[in-house]
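Q: The structure's right below; bear with me while I get my questions together.
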Amino acid sequence: MAINKDSNGYTFGFAITMVVVVGAILAGVAMATKPFKDKNDEVKKKMDIVKALMDTQEEKDAITRANAADEFNKYVNLEDAIVINMNGEIQDDVEAFDVDIRKENRDKTLADIDKNYPLYIAEVNGKKAYVIPVVGKGLWGPIWGNICLDEDMNTIKGATFDHKGETPGLGAEIKQAFFINGWLQEKVADENGDFQKFEVVKDKSGTKDKKVDGITGGTITSKGVEEMVNRCLQPYMLYFKQFKN
């Protein structure tokens, strides 16, 4: 019996077959490339952590995907890394590098108390440094970064910020040195070890004592960084406070 290619049944059947075939191909490609993607994500994560440890832009620029793993191992011992919860309490059953803070931030079903906050303890030129990953939301999508505290657990020594789709020349400028430099040498806690919130402003006219220059034309992204840093740093200040009493 001849197939009527002009019939609705044939059209729908062909469309369904193509969807199944294409879906299977895409699933196969995704499975085949997943190990490469996971490795690439690991390298990028290590590169961003190490860059936050570096003091100068020249040192940051020297960290590449090619040497990120070696430089990470040079400064960071994963056995020293810890994970805390929102109350600053150590979570012994979680490996720091396994925590995907961006994934946890997207998970609306995950309660705040169940979210993990990794802390990487490094040593640079004989001095301890503490790298804190942060994640938030910009104008067009997720933003993230790392805040590095000096050995006093209070002074911002370095930072990196990145984004997925902020506007070039505007919100995307959070990656640039002129914005990051505004955070350096700022204190994150007062004399009692209590966290001090930051305010990102355009003209230093904000209401809080801790002010950082924002990006002209990138107000929403700048405020996104403000919210991200303030929210993510608080659990770590609760953890560090126990060493200051």
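By order in the structure tokens, chains are A, B, ...; within a chain, residues start at 1; ligands start at 1, following the order shown.
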Check range 125-173 of chain A with DSSP on the backbone and list each residue it calls strand (DSSP E), as an NGL selection string.
A: :A and (127-137 or 142-149 or 156-163)
Q: For N, CA and C atoms, I'd like the residues from the last selection saved as a PDB file, in the first residue's frame.
A:
ATOM      1  N   LYS A 127      51.843  34.002  53.735  1.00  0.00           N
ATOM      2  CA  LYS A 127      50.702  34.567  54.451  1.00  0.00           C
ATOM      3  C   LYS A 127      49.418  33.844  54.063  1.00  0.00           C
ATOM      4  N   LYS A 128      48.544  33.625  55.033  1.00  0.00           N
ATOM      5  CA  LYS A 128      47.256  33.012  54.750  1.00  0.00           C
ATOM      6  C   LYS A 128      46.358  33.985  53.981  1.00  0.00           C
ATOM      7  N   ALA A 129      45.508  33.435  53.152  1.00  0.00           N
ATOM      8  CA  ALA A 129      44.492  34.214  52.447  1.00  0.00           C
ATOM      9  C   ALA A 129      43.250  33.337  52.328  1.00  0.00           C
ATOM     10  N   TYR A 130      42.093  33.974  52.285  1.00  0.00           N
ATOM     11  CA  TYR A 130      40.828  33.242  52.311  1.00  0.00           C
ATOM     12  C   TYR A 130      39.969  33.657  51.116  1.00  0.00           C
ATOM     13  N   VAL A 131      39.661  32.695  50.242  1.00  0.00           N
ATOM     14  CA  VAL A 131      38.901  32.995  49.029  1.00  0.00           C
ATOM     15  C   VAL A 131      37.454  32.544  49.211  1.00  0.00           C
ATOM     16  N   ILE A 132      36.550  33.503  48.999  1.00  0.00           N
ATOM     17  CA  ILE A 132      35.120  33.292  49.201  1.00  0.00           C
ATOM     18  C   ILE A 132      34.391  33.429  47.866  1.00  0.00           C
ATOM     19  N   PRO A 133      33.790  32.360  47.355  1.00  0.00           N
ATOM     20  CA  PRO A 133      33.003  32.461  46.115  1.00  0.00           C
ATOM     21  C   PRO A 133      31.675  33.179  46.380  1.00  0.00           C
ATOM     22  N   VAL A 134      31.255  33.985  45.407  1.00  0.00           N
ATOM     23  CA  VAL A 134      29.978  34.701  45.528  1.00  0.00           C
ATOM     24  C   VAL A 134      29.191  34.524  44.228  1.00  0.00           C
ATOM     25  N   VAL A 135      27.865  34.588  44.330  1.00  0.00           N
ATOM     26  CA  VAL A 135      27.014  34.421  43.155  1.00  0.00           C
ATOM     27  C   VAL A 135      25.756  35.256  43.327  1.00  0.00           C
ATOM     28  N   GLY A 136      25.274  35.824  42.216  1.00  0.00           N
ATOM     29  CA  GLY A 136      24.079  36.651  42.282  1.00  0.00           C
ATOM     30  C   GLY A 136      23.437  36.807  40.920  1.00  0.00           C
ATOM     31  N   LYS A 137      22.725  37.911  40.729  1.00  0.00           N
ATOM     32  CA  LYS A 137      21.985  38.148  39.502  1.00  0.00           C
ATOM     33  C   LYS A 137      22.222  39.568  39.022  1.00  0.00           C
ATOM     34  N   PRO A 142      22.967  35.578  35.381  1.00  0.00           N
ATOM     35  CA  PRO A 142      23.782  35.378  36.582  1.00  0.00           C
ATOM     36  C   PRO A 142      25.094  36.144  36.546  1.00  0.00           C
ATOM     37  N   ILE A 143      25.527  36.560  37.717  1.00  0.00           N
ATOM     38  CA  ILE A 143      26.860  37.123  37.919  1.00  0.00           C
ATOM     39  C   ILE A 143      27.508  36.340  39.047  1.00  0.00           C
ATOM     40  N   TRP A 144      28.814  36.339  39.097  1.00  0.00           N
ATOM     41  CA  TRP A 144      29.512  35.563  40.126  1.00  0.00           C
ATOM     42  C   TRP A 144      30.919  36.104  40.303  1.00  0.00           C
ATOM     43  N   GLY A 145      31.643  35.551  41.252  1.00  0.00           N
ATOM     44  CA  GLY A 145      33.014  36.004  41.460  1.00  0.00           C
ATOM     45  C   GLY A 145      33.633  35.381  42.690  1.00  0.00           C
ATOM     46  N   ASN A 146      34.753  35.962  43.121  1.00  0.00           N
ATOM     47  CA  ASN A 146      35.461  35.515  44.316  1.00  0.00           C
ATOM     48  C   ASN A 146      35.988  36.735  45.059  1.00  0.00           C
ATOM     49  N   ILE A 147      35.828  36.728  46.366  1.00  0.00           N
ATOM     50  CA  ILE A 147      36.389  37.764  47.226  1.00  0.00           C
ATOM     51  C   ILE A 147      37.501  37.118  48.042  1.00  0.00           C
ATOM     52  N   CYS A 148      38.689  37.717  48.001  1.00  0.00           N
ATOM     53  CA  CYS A 148      39.826  37.171  48.758  1.00  0.00           C
ATOM     54  C   CYS A 148      40.147  38.083  49.935  1.00  0.00           C
ATOM     55  N   LEU A 149      40.112  37.516  51.134  1.00  0.00           N
ATOM     56  CA  LEU A 149      40.454  38.256  52.337  1.00  0.00           C
ATOM     57  C   LEU A 149      41.889  37.969  52.757  1.00  0.00           C
ATOM     58  N   ILE A 156      39.866  43.090  52.276  1.00  0.00           N
ATOM     59  CA  ILE A 156      39.764  42.523  50.932  1.00  0.00           C
ATOM     60  C   ILE A 156      41.102  42.691  50.212  1.00  0.00           C
ATOM     61  N   LYS A 157      41.726  41.568  49.927  1.00  0.00           N
ATOM     62  CA  LYS A 157      43.034  41.536  49.276  1.00  0.00           C
ATOM     63  C   LYS A 157      42.913  41.495  47.754  1.00  0.00           C
ATOM     64  N   GLY A 158      41.882  40.826  47.275  1.00  0.00           N
ATOM     65  CA  GLY A 158      41.701  40.673  45.828  1.00  0.00           C
ATOM     66  C   GLY A 158      40.271  40.260  45.523  1.00  0.00           C
ATOM     67  N   ALA A 159      39.926  40.298  44.249  1.00  0.00           N
ATOM     68  CA  ALA A 159      38.569  39.925  43.851  1.00  0.00           C
ATOM     69  C   ALA A 159      38.528  39.635  42.359  1.00  0.00           C
ATOM     70  N   THR A 160      37.556  38.854  41.968  1.00  0.00           N
ATOM     71  CA  THR A 160      37.222  38.669  40.553  1.00  0.00           C
ATOM     72  C   THR A 160      35.702  38.690  40.446  1.00  0.00           C
ATOM     73  N   PHE A 161      35.205  39.285  39.369  1.00  0.00           N
ATOM     74  CA  PHE A 161      33.774  39.255  39.076  1.00  0.00           C
ATOM     75  C   PHE A 161      33.598  38.847  37.622  1.00  0.00           C
ATOM     76  N   ASP A 162      32.505  38.149  37.343  1.00  0.00           N
ATOM     77  CA  ASP A 162      32.241  37.714  35.970  1.00  0.00           C
ATOM     78  C   ASP A 162      30.733  37.658  35.764  1.00  0.00           C
ATOM     79  N   HIS A 163      30.327  37.430  34.525  1.00  0.00           N
ATOM     80  CA  HIS A 163      28.907  37.470  34.192  1.00  0.00           C
ATOM     81  C   HIS A 163      28.642  36.571  32.992  1.00  0.00           C
TER      82      HIS A 163
END
Q: Quick check for you: according to DSSP on this backbone, which residues of range 79-143 of chain A are classed as helix (DSSP H, G or I)? Reply as a ChimeraX atom specification.
A: /A:96-98,101-106,112-114
Q: CA of Phe195 in chain A and CA of Asn77 in chain A are how many Å apart?
A: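 Taking CA of Phe195 in chain A and CA of Asn77 in chain A, their separation equals 26.7 Å.
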Q: Counting only C-alpha atoms, what is within 12 Å of range 212-217 of chain A, bar same-chain residues fewer than 6 positions away, as a ChimeraX atom specification?
A: /A:139,166-187,197-206,223-226,229
Q: Any chance you can output those residues with N, CA and C atoms as a short mmCIF file (atom, residue, chain, number, x, y, z; two decimals), in the first residue's frame?
A:
data_model
loop_
_atom_site.label_atom_id
_atom_site.label_comp_id
_atom_site.auth_asym_id
_atom_site.auth_seq_id
_atom_site.Cartn_x
_atom_site.Cartn_y
_atom_site.Cartn_z
N LEU A 139 21.66 42.26 35.38
CA LEU A 139 20.50 42.73 34.62
C LEU A 139 19.94 41.63 33.72
N GLU A 166 25.86 40.27 30.58
CA GLU A 166 25.66 41.70 30.81
C GLU A 166 26.08 42.53 29.60
N THR A 167 25.60 43.74 29.51
CA THR A 167 25.79 44.57 28.33
C THR A 167 27.24 45.04 28.20
N PRO A 168 27.89 44.77 27.05
CA PRO A 168 29.26 45.25 26.84
C PRO A 168 29.35 46.77 27.01
N GLY A 169 30.39 47.21 27.70
CA GLY A 169 30.59 48.63 27.92
C GLY A 169 29.79 49.19 29.08
N LEU A 170 28.85 48.40 29.60
CA LEU A 170 28.03 48.84 30.73
C LEU A 170 28.18 47.82 31.86
N GLY A 171 27.15 46.99 32.10
CA GLY A 171 27.24 46.03 33.19
C GLY A 171 28.39 45.06 33.08
N ALA A 172 28.81 44.76 31.84
CA ALA A 172 29.91 43.81 31.64
C ALA A 172 31.22 44.32 32.21
N GLU A 173 31.27 45.61 32.56
CA GLU A 173 32.50 46.21 33.09
C GLU A 173 32.81 45.74 34.51
N ILE A 174 31.94 44.96 35.12
CA ILE A 174 32.26 44.45 36.46
C ILE A 174 33.51 43.59 36.44
N LYS A 175 33.90 43.10 35.25
CA LYS A 175 35.09 42.27 35.13
C LYS A 175 36.38 43.10 35.14
N GLN A 176 36.24 44.40 34.92
CA GLN A 176 37.41 45.24 34.69
C GLN A 176 38.08 45.68 36.00
N ALA A 177 39.38 45.96 35.88
CA ALA A 177 40.19 46.30 37.05
C ALA A 177 39.68 47.55 37.76
N PHE A 178 39.19 48.55 37.01
CA PHE A 178 38.79 49.81 37.65
C PHE A 178 37.63 49.59 38.62
N PHE A 179 36.76 48.63 38.33
CA PHE A 179 35.65 48.34 39.24
C PHE A 179 36.13 47.47 40.39
N ILE A 180 36.89 46.45 40.08
CA ILE A 180 37.40 45.55 41.12
C ILE A 180 38.28 46.29 42.12
N ASN A 181 39.10 47.23 41.63
CA ASN A 181 40.02 47.95 42.51
C ASN A 181 39.29 48.75 43.59
N GLY A 182 38.04 49.12 43.32
CA GLY A 182 37.27 49.86 44.31
C GLY A 182 36.96 49.05 45.56
N TRP A 183 37.04 47.75 45.47
CA TRP A 183 36.78 46.88 46.62
C TRP A 183 38.03 46.59 47.45
N LEU A 184 39.19 46.78 46.85
CA LEU A 184 40.43 46.37 47.51
C LEU A 184 40.74 47.23 48.73
N GLN A 185 41.26 46.58 49.75
CA GLN A 185 41.64 47.18 51.03
C GLN A 185 40.45 47.61 51.88
N GLU A 186 39.24 47.32 51.43
CA GLU A 186 38.07 47.60 52.26
C GLU A 186 37.96 46.54 53.37
N LYS A 187 37.44 46.96 54.51
CA LYS A 187 37.20 46.04 55.62
C LYS A 187 35.78 45.51 55.53
N LYS A 197 27.76 45.97 55.76
CA LYS A 197 27.25 45.91 54.39
C LYS A 197 27.87 46.99 53.52
N PHE A 198 28.06 46.62 52.24
CA PHE A 198 28.58 47.55 51.25
C PHE A 198 27.43 48.19 50.47
N GLU A 199 27.70 49.35 49.92
CA GLU A 199 26.76 50.00 49.04
C GLU A 199 27.52 50.45 47.78
N VAL A 200 27.07 50.00 46.63
CA VAL A 200 27.68 50.41 45.36
C VAL A 200 26.93 51.63 44.87
N VAL A 201 27.63 52.76 44.73
CA VAL A 201 27.01 54.03 44.37
C VAL A 201 27.76 54.68 43.22
N LYS A 202 27.14 55.69 42.63
CA LYS A 202 27.77 56.38 41.50
C LYS A 202 28.55 57.61 41.93
N ASP A 203 28.21 58.16 43.09
CA ASP A 203 28.84 59.43 43.47
C ASP A 203 29.19 59.51 44.96
N LYS A 204 29.35 58.35 45.59
CA LYS A 204 29.68 58.29 47.01
C LYS A 204 28.58 58.89 47.90
N SER A 205 27.37 59.00 47.37
CA SER A 205 26.30 59.64 48.12
C SER A 205 25.38 58.64 48.81
N GLY A 206 25.80 57.41 48.93
CA GLY A 206 24.95 56.38 49.52
C GLY A 206 24.73 56.59 51.01
N LYS A 223 24.28 47.18 41.29
CA LYS A 223 23.50 46.86 42.49
C LYS A 223 23.39 45.35 42.67
N GLY A 224 23.45 44.61 41.55
CA GLY A 224 23.46 43.16 41.64
C GLY A 224 24.71 42.66 42.33
N VAL A 225 25.85 43.29 42.04
CA VAL A 225 27.10 42.94 42.72
C VAL A 225 27.00 43.28 44.20
N GLU A 226 26.42 44.44 44.49
CA GLU A 226 26.22 44.85 45.89
C GLU A 226 25.43 43.80 46.66
N VAL A 229 27.48 40.43 47.02
CA VAL A 229 28.56 40.47 48.01
C VAL A 229 27.99 40.51 49.42
#
Q: Go ahead and compute the interatomic distance for CA of Arg231 in chain A and CA of Gln196 in chain A, in Å to one decimal.
A: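 Those two atoms sit 11.1 Å apart.
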Q: Pick the closest to Val76 in chain A from A:Tyr120, A:Phe14, A:Trp140, A:Phe240: which is it, counting only C-alpha atoms?
A: A:Tyr120
Q: Select, from A:Thr219, A:Thr155, A:Asn105, A:Asn67, the residue with the minimum atom-to-atom distance to Lys46 in chain A, counting only C-alpha atoms.
A: A:Asn67
Q: With distances taken over only C-alpha atoms, which residue among A:Asn230, A:Thr221, A:Thr64, A:Asn125 lies nearest Lys45 in chain A?
A: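 Among the listed residues, the smallest separation from Lys45 in chain A belongs to A:Thr64.
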Q: May I have the residues within 12 Å of Glu79 in chain A as a PDB file with C-alpha atoms, in the first residue's frame, using only C-alpha atoms and disregarding those fewer than 2 positions away in the same chain?
A:
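Done, and the output landed in selection25.pdb:
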ATOM      1  CA  ASN A  73      47.894  23.636  43.475  1.00  0.00           C
ATOM      2  CA  VAL A  76      45.591  26.205  47.524  1.00  0.00           C
ATOM      3  CA  ASN A  77      45.429  22.895  49.365  1.00  0.00           C
ATOM      4  CA  ALA A  81      39.155  23.964  52.269  1.00  0.00           C
ATOM      5  CA  ILE A  82      35.942  23.880  54.249  1.00  0.00           C
ATOM      6  CA  VAL A  83      32.211  24.305  53.670  1.00  0.00           C
ATOM      7  CA  ASP A  92      31.894  18.070  57.492  1.00  0.00           C
ATOM      8  CA  VAL A  94      30.648  18.265  51.918  1.00  0.00           C
ATOM      9  CA  GLU A  95      33.741  18.729  49.726  1.00  0.00           C
ATOM     10  CA  ALA A  96      34.344  22.413  48.972  1.00  0.00           C
ATOM     11  CA  PHE A  97      35.346  22.056  45.325  1.00  0.00           C
ATOM     12  CA  LEU A 119      35.903  28.583  51.719  1.00  0.00           C
ATOM     13  CA  TYR A 120      39.340  28.102  50.166  1.00  0.00           C
ATOM     14  CA  ILE A 121      42.315  28.691  52.452  1.00  0.00           C
ATOM     15  CA  ALA A 122      45.448  29.615  50.539  1.00  0.00           C
TER      16      ALA A 122
END
Q: Find the residues around Lys74 in chain A up to 10 Å (only C-alpha atoms counted), leave out those fewer than 6 positions away in its own chain, and share them as number ranges by chain.
A: A: 50, 68, 122-124
